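The block underneath contains the structure these notes are about, expressed in structure tokens.
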Amino acid sequence: MSTKRPGGPAVQAAKLDQWLAYLYKPFQPLVRGRSLRRVESRQWRAEDILLPDGFVAEVVTTGLNAPVHCTFAPDGSCYVIECGHKIETRPRVLRVDPATGATEVVYEFSDAEWRKTGAVTGACWHDGALIVTDTDRLLRITPDGKAQTLLDGLPGLGDHQTNYPVLGPDGRIYWGQGTATNTAVVGADNFAYEWLPAFPDFHDVPGADVVLTGRNVRYRDVLGSLTHEVSCGAYVPFGTATEPGQIIRGSAAASGAVLRCRPDGSELECVAWGLRNPYGIAFHPDGRLFATEHGIDERGERYIVGDLEDFYEIREGAWYGWPDYASGIRLDDPYWGDKGRNREPLLADPPDPDPPKPFVSLPPHAAPNGVDFCRDPAFGYEGDAFIALFGDVAPVTARPMTPVGFKVVRVDMRSGEVADFAVNKINGPASKLPHSGFERPSHCQFGPDGALYVVDWGQIDIAPEVGGIRMPLASGALWRIRRTSGPVGPPPRARQVPLYLLQALVAAAGLAALVALVVYLLRRGG
């Protein structure tokens, strides 16, 4: 079991998210309801993905629209979920033939169903149909395209949604439920994420009753007048202050938790809570439950710097520390250094003063999404976890110099070591570097043929017209990695390029050239 260590000196992050919200607010009425259709043309080359000796990558199908997850039916069909998140096309469930790559639409969400601030996040197969997670609800969708809502009103309207489901060994449906906010306080950064104007009363929900310290932070009133400031507390709507000793009631429909219910949507239960965004979950062959978790971003008025991403063993009834701990360490502990803001506890009496530590940790902003365990000795690494690292979203939630993530890693479940498994020949997204490998691995799933299937989300563009980001059409793909022959070789080694530093230097040089040109023209005119 590993312990998290922040790497290197951290730089205090600028309040980019808040200023984005403040600048975006006056123009929101002008851009609301408008869209800029973004389409990307890209190439996919399996040769640009590096693997250990004895494995080969293949392209199954391409041209997908923000695909987020895949699952398999007993007949070997692969079902791919297109999420509909910040993209100009509705969410869909596609059936993909793994042999030919041919696709057909099983279900397309209507405009009335489509929450554009949310996402359809995944599916699992149960009793002849798919159980599908959509923002704040569970659906049952049959192969002939009939849909039925099983469970509604889950706390998925915020920064993070109701994440993809899996079928547990007890026959129940399990999923990770993300948090509404970065660290339990609704703020201006959530306005920049677009959901706060649409759901102004939405906030995080604890998994059990908690007592607050009454600490609040201040934001400009993005829901009213920017000339005024409001106090904002934990587990309450934006602009609401909290008091010392205030009690917030818990719920089985908790955010930042692992939840479960029966396949018909009944008997909702909170398995464990105190997690920021338990995105991917999977059961180990021995029956243990594990979850990936996205760490705290450097945004808003309450955060730490250097929070890594975690992979937890989930124990029933446990509290994992959020919003006052990260990796089991209090936010105001000297361990985190002197960076960040408003790190004092929000809970007066934490459910566990020594929360569980992660099984392993991963670099900050690597974004560990989907996870699956190998059960086939023919593939190799039997019993090990394979995790898709979506990658950073610089500069919106991170400001690294070198791309982080954008690959698939393997966790040795015996030693706790993490090793690269499938990486681009140059680390980072294909759209920004001279290769045609992964753009953003969102999920990895072993198929009935023993191969590992990797869902590639596709490109993300910065979109000032909506105050954040947008996904171009047709840039996603489904890859397959299979074992060929011979002994398994060492982990691959990708080249590292300080992409973001180079981009910053080019931008600075361009600005300097523009200033020099203006000065020259003014002097010449004078």
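Chain labels A, B, ... are given in the sequence in which chains occur in the structure tokens; within each chain residues are numbered consecutively from 1, and ligands are likewise numbered from 1 in the order shown.
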| task | Skip Pro377 (chain A) itself and residues of its chain fewer than 4 positions away, then list as a ChimeraX atom specification all residues within 12 Å of it, counting only C-alpha atoms. | result | /A:373,381-384,450-451,483
| said: Show me, as a count of residues only, the residues that have an atom within 8 Å of region 195-199 of chain A when counting only C-alpha atoms, minus same-chain residues fewer than 2 positions from it. | reply: 10
| query | Within 8 Å of Ala129 (chain A), counting only C-alpha atoms, which residues qualify if same-chain residues fewer than 5 places away don't, as JSON, numbers by chain? | reply | {"A": [140, 141, 142, 143]}
| In Å, with one decimal, what is the gap from CA of Val271 (chain A) to CA of Pro285 (chain A)? |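 Interatomic distance here is 19.2 Å.
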| Can you list, as a ChimeraX atom specification, every protein, DNA or RNA residue that comes within 12 Å of His85 (chain A) when you count only C-alpha atoms, leaving out same-chain residues fewer than 4 positions away? | /A:65-68,81,89-92,114-121,134-135,159-161,193-195,457,460,469-473
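Across the structure, CA of Met401 (chain A) and CA of Gly256 (chain A) are spaced 29.4 Å apart.
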| query | Using only C-alpha atoms, which residues sit within 10 Å of Val205 (chain A) once same-chain residues fewer than 5 positions away are excluded, as a ChimeraX atom specification? | reply | /A:155,179-180,184,234-236,248-257
Would you export the selected residues with C-alpha atoms as an mmCIF file, in the first residue's frame, please?
```
data_model
loop_
_atom_site.group_PDB
_atom_site.id
_atom_site.type_symbol
_atom_site.label_atom_id
_atom_site.label_comp_id
_atom_site.auth_asym_id
_atom_site.auth_seq_id
_atom_site.Cartn_x
_atom_site.Cartn_y
_atom_site.Cartn_z
ATOM 1 C CA PRO A 155 -27.380 14.249 -6.461
ATOM 2 C CA THR A 179 -19.783 15.670 -5.528
ATOM 3 C CA ALA A 180 -21.508 18.878 -6.567
ATOM 4 C CA ALA A 184 -18.282 21.142 -0.360
ATOM 5 C CA ALA A 234 -20.705 23.850 3.334
ATOM 6 C CA TYR A 235 -23.571 21.555 2.269
ATOM 7 C CA VAL A 236 -25.917 24.505 1.564
ATOM 8 C CA ILE A 248 -26.855 18.945 8.170
ATOM 9 C CA ARG A 249 -28.937 15.804 7.796
ATOM 10 C CA GLY A 250 -27.471 12.877 5.911
ATOM 11 C CA SER A 251 -29.141 10.841 3.201
ATOM 12 C CA ALA A 252 -28.794 7.519 1.426
ATOM 13 C CA ALA A 253 -28.735 9.636 -1.753
ATOM 14 C CA ALA A 254 -25.393 11.151 -0.761
ATOM 15 C CA SER A 255 -22.930 12.932 -3.013
ATOM 16 C CA GLY A 256 -19.274 11.939 -2.909
ATOM 17 C CA ALA A 257 -20.217 8.342 -2.187
#
```
| message | Among region 164-319 of chain A, which residues does DSSP mark as alpha helix (DSSP H) when it is run on the backbone? Keep the chain and numbering as in the structure and answer as a PyMOL selection string. | response | chain A and resi 188-192+195-198
| field | Counting only C-alpha atoms, the option among A:Arg341, A:Arg302, A:Arg288, A:His126 closest to Glu316 (chain A) | value |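 Going through A:Arg341, A:Arg302, A:Arg288, A:His126 one by one, the smallest distance to Glu316 (chain A) is for A:Arg288.
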| Could you write out, as a PyMOL selection string, all the residues of region 379-438 of chain A that DSSP marks as strand (DSSP E)? | chain A and resi 385-389+407-411+418-424
Could the residues in this selection be written to a file with N, CA, C and O atoms, as a JSON list (two decimals), in the first residue's frame?
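Ended up saving to result.json:
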```json
[["chain", "number", "residue", "atom", "x", "y", "z"],
["A", 385, "ALA", "N", -5.30, -4.50, -11.65],
["A", 385, "ALA", "CA", -6.24, -3.47, -12.08],
["A", 385, "ALA", "C", -5.66, -2.69, -13.25],
["A", 385, "ALA", "O", -4.46, -2.38, -13.27],
["A", 386, "PHE", "N", -6.51, -2.36, -14.22],
["A", 386, "PHE", "CA", -6.13, -1.51, -15.34],
["A", 386, "PHE", "C", -7.01, -0.26, -15.27],
["A", 386, "PHE", "O", -8.24, -0.35, -15.19],
["A", 387, "ILE", "N", -6.37, 0.92, -15.27],
["A", 387, "ILE", "CA", -7.07, 2.18, -15.07],
["A", 387, "ILE", "C", -6.83, 3.11, -16.25],
["A", 387, "ILE", "O", -5.69, 3.33, -16.66],
["A", 388, "ALA", "N", -7.91, 3.69, -16.78],
["A", 388, "ALA", "CA", -7.82, 4.68, -17.85],
["A", 388, "ALA", "C", -7.61, 6.05, -17.24],
["A", 388, "ALA", "O", -8.42, 6.50, -16.42],
["A", 389, "LEU", "N", -6.52, 6.71, -17.61],
["A", 389, "LEU", "CA", -6.23, 8.06, -17.12],
["A", 389, "LEU", "C", -6.65, 9.07, -18.18],
["A", 389, "LEU", "O", -6.01, 9.20, -19.23],
["A", 407, "LYS", "N", -3.35, 7.98, -20.76],
["A", 407, "LYS", "CA", -2.80, 6.64, -20.96],
["A", 407, "LYS", "C", -3.56, 5.64, -20.10],
["A", 407, "LYS", "O", -4.48, 6.00, -19.35],
["A", 408, "VAL", "N", -3.18, 4.37, -20.20],
["A", 408, "VAL", "CA", -3.72, 3.31, -19.36],
["A", 408, "VAL", "C", -2.59, 2.77, -18.51],
["A", 408, "VAL", "O", -1.50, 2.46, -19.02],
["A", 409, "VAL", "N", -2.81, 2.66, -17.21],
["A", 409, "VAL", "CA", -1.80, 2.14, -16.30],
["A", 409, "VAL", "C", -2.29, 0.84, -15.66],
["A", 409, "VAL", "O", -3.49, 0.56, -15.64],
["A", 410, "ARG", "N", -1.34, 0.08, -15.14],
["A", 410, "ARG", "CA", -1.66, -1.18, -14.46],
["A", 410, "ARG", "C", -1.24, -1.08, -13.00],
["A", 410, "ARG", "O", -0.14, -0.60, -12.70],
["A", 411, "VAL", "N", -2.12, -1.52, -12.11],
["A", 411, "VAL", "CA", -1.81, -1.56, -10.68],
["A", 411, "VAL", "C", -1.57, -3.01, -10.28],
["A", 411, "VAL", "O", -2.45, -3.85, -10.42],
["A", 418, "VAL", "N", 2.47, 0.85, -9.45],
["A", 418, "VAL", "CA", 1.76, 1.33, -10.64],
["A", 418, "VAL", "C", 2.74, 1.39, -11.79],
["A", 418, "VAL", "O", 3.83, 1.94, -11.67],
["A", 419, "ALA", "N", 2.36, 0.79, -12.93],
["A", 419, "ALA", "CA", 3.23, 0.78, -14.11],
["A", 419, "ALA", "C", 2.44, 1.20, -15.33],
["A", 419, "ALA", "O", 1.25, 0.89, -15.47],
["A", 420, "ASP", "N", 3.09, 1.91, -16.25],
["A", 420, "ASP", "CA", 2.45, 2.23, -17.52],
["A", 420, "ASP", "C", 2.15, 0.94, -18.27],
["A", 420, "ASP", "O", 2.95, -0.01, -18.26],
["A", 421, "PHE", "N", 1.00, 0.92, -18.96],
["A", 421, "PHE", "CA", 0.67, -0.24, -19.78],
["A", 421, "PHE", "C", 0.48, 0.15, -21.25],
["A", 421, "PHE", "O", 1.06, -0.46, -22.14],
["A", 422, "ALA", "N", -0.34, 1.15, -21.51],
["A", 422, "ALA", "CA", -0.58, 1.62, -22.87],
["A", 422, "ALA", "C", -0.41, 3.13, -22.88],
["A", 422, "ALA", "O", -1.20, 3.85, -22.26],
["A", 423, "VAL", "N", 0.63, 3.62, -23.57],
["A", 423, "VAL", "CA", 0.96, 5.04, -23.56],
["A", 423, "VAL", "C", 1.22, 5.52, -24.98],
["A", 423, "VAL", "O", 1.65, 4.75, -25.85],
["A", 424, "ASN", "N", 0.97, 6.80, -25.23],
["A", 424, "ASN", "CA", 1.34, 7.39, -26.51],
["A", 424, "ASN", "C", 2.86, 7.50, -26.62],
["A", 424, "ASN", "O", 3.56, 7.64, -25.61]]
```
| field | Exercise: region 443-447 of chain A partners within 7 Å, only C-alpha atoms, chain neighbours under 4 positions left out, as a PyMOL selection string | value | chain A and resi 68-69+72+369-372+374+387-388+451-455
Can you write out the residues you just picked, keeping N, CA, C and O atoms, as an mmCIF file, in the first residue's frame?
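Listed below is the output, part.cif:
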```cif
data_model
loop_
_atom_site.group_PDB
_atom_site.id
_atom_site.type_symbol
_atom_site.label_atom_id
_atom_site.label_comp_id
_atom_site.auth_asym_id
_atom_site.auth_seq_id
_atom_site.Cartn_x
_atom_site.Cartn_y
_atom_site.Cartn_z
ATOM 1 N N VAL A 68 -17.867 7.645 -23.526
ATOM 2 C CA VAL A 68 -17.401 7.696 -22.143
ATOM 3 C C VAL A 68 -17.197 6.322 -21.529
ATOM 4 O O VAL A 68 -16.410 6.165 -20.596
ATOM 5 N N HIS A 69 -17.896 5.288 -22.025
ATOM 6 C CA HIS A 69 -17.901 3.992 -21.347
ATOM 7 C C HIS A 69 -18.315 2.904 -22.316
ATOM 8 O O HIS A 69 -18.944 3.181 -23.350
ATOM 9 N N PHE A 72 -20.279 -5.087 -22.142
ATOM 10 C CA PHE A 72 -20.513 -6.189 -23.070
ATOM 11 C C PHE A 72 -21.742 -6.996 -22.663
ATOM 12 O O PHE A 72 -22.000 -7.210 -21.479
ATOM 13 N N ASN A 369 -10.204 7.423 -14.507
ATOM 14 C CA ASN A 369 -11.620 7.217 -14.798
ATOM 15 C C ASN A 369 -11.981 5.747 -14.628
ATOM 16 O O ASN A 369 -12.007 5.226 -13.539
ATOM 17 N N GLY A 370 -12.265 5.061 -15.728
ATOM 18 C CA GLY A 370 -12.728 3.686 -15.638
ATOM 19 C C GLY A 370 -11.644 2.709 -15.216
ATOM 20 O O GLY A 370 -10.459 2.911 -15.479
ATOM 21 N N VAL A 371 -12.075 1.625 -14.578
ATOM 22 C CA VAL A 371 -11.138 0.606 -14.074
ATOM 23 C C VAL A 371 -11.757 -0.767 -14.274
ATOM 24 O O VAL A 371 -12.973 -0.937 -14.186
ATOM 25 N N ASP A 372 -10.904 -1.758 -14.553
ATOM 26 C CA ASP A 372 -11.350 -3.146 -14.608
ATOM 27 C C ASP A 372 -10.198 -4.037 -14.179
ATOM 28 O O ASP A 372 -9.030 -3.644 -14.257
ATOM 29 N N CYS A 374 -8.190 -7.769 -14.539
ATOM 30 C CA CYS A 374 -7.947 -8.874 -15.457
ATOM 31 C C CYS A 374 -8.291 -10.188 -14.770
ATOM 32 O O CYS A 374 -7.819 -10.460 -13.666
ATOM 33 N N ILE A 387 -6.370 0.920 -15.273
ATOM 34 C CA ILE A 387 -7.074 2.184 -15.067
ATOM 35 C C ILE A 387 -6.829 3.114 -16.245
ATOM 36 O O ILE A 387 -5.687 3.329 -16.664
ATOM 37 N N ALA A 388 -7.909 3.685 -16.781
ATOM 38 C CA ALA A 388 -7.821 4.676 -17.853
ATOM 39 C C ALA A 388 -7.606 6.052 -17.235
ATOM 40 O O ALA A 388 -8.416 6.504 -16.425
ATOM 41 N N ALA A 451 -9.606 -9.622 -24.543
ATOM 42 C CA ALA A 451 -8.867 -8.400 -24.870
ATOM 43 C C ALA A 451 -9.326 -7.243 -23.990
ATOM 44 O O ALA A 451 -10.427 -7.254 -23.432
ATOM 45 N N LEU A 452 -8.476 -6.231 -23.885
ATOM 46 C CA LEU A 452 -8.802 -5.017 -23.129
ATOM 47 C C LEU A 452 -9.276 -3.952 -24.119
ATOM 48 O O LEU A 452 -8.548 -3.585 -25.045
ATOM 49 N N TYR A 453 -10.496 -3.463 -23.922
ATOM 50 C CA TYR A 453 -11.071 -2.425 -24.785
ATOM 51 C C TYR A 453 -10.932 -1.072 -24.085
ATOM 52 O O TYR A 453 -11.244 -0.949 -22.890
ATOM 53 N N VAL A 454 -10.475 -0.076 -24.836
ATOM 54 C CA VAL A 454 -10.236 1.259 -24.285
ATOM 55 C C VAL A 454 -11.132 2.260 -25.017
ATOM 56 O O VAL A 454 -11.057 2.393 -26.251
ATOM 57 N N VAL A 455 -11.988 2.937 -24.268
ATOM 58 C CA VAL A 455 -12.851 3.982 -24.823
ATOM 59 C C VAL A 455 -12.080 5.298 -24.799
ATOM 60 O O VAL A 455 -11.625 5.738 -23.745
#
```
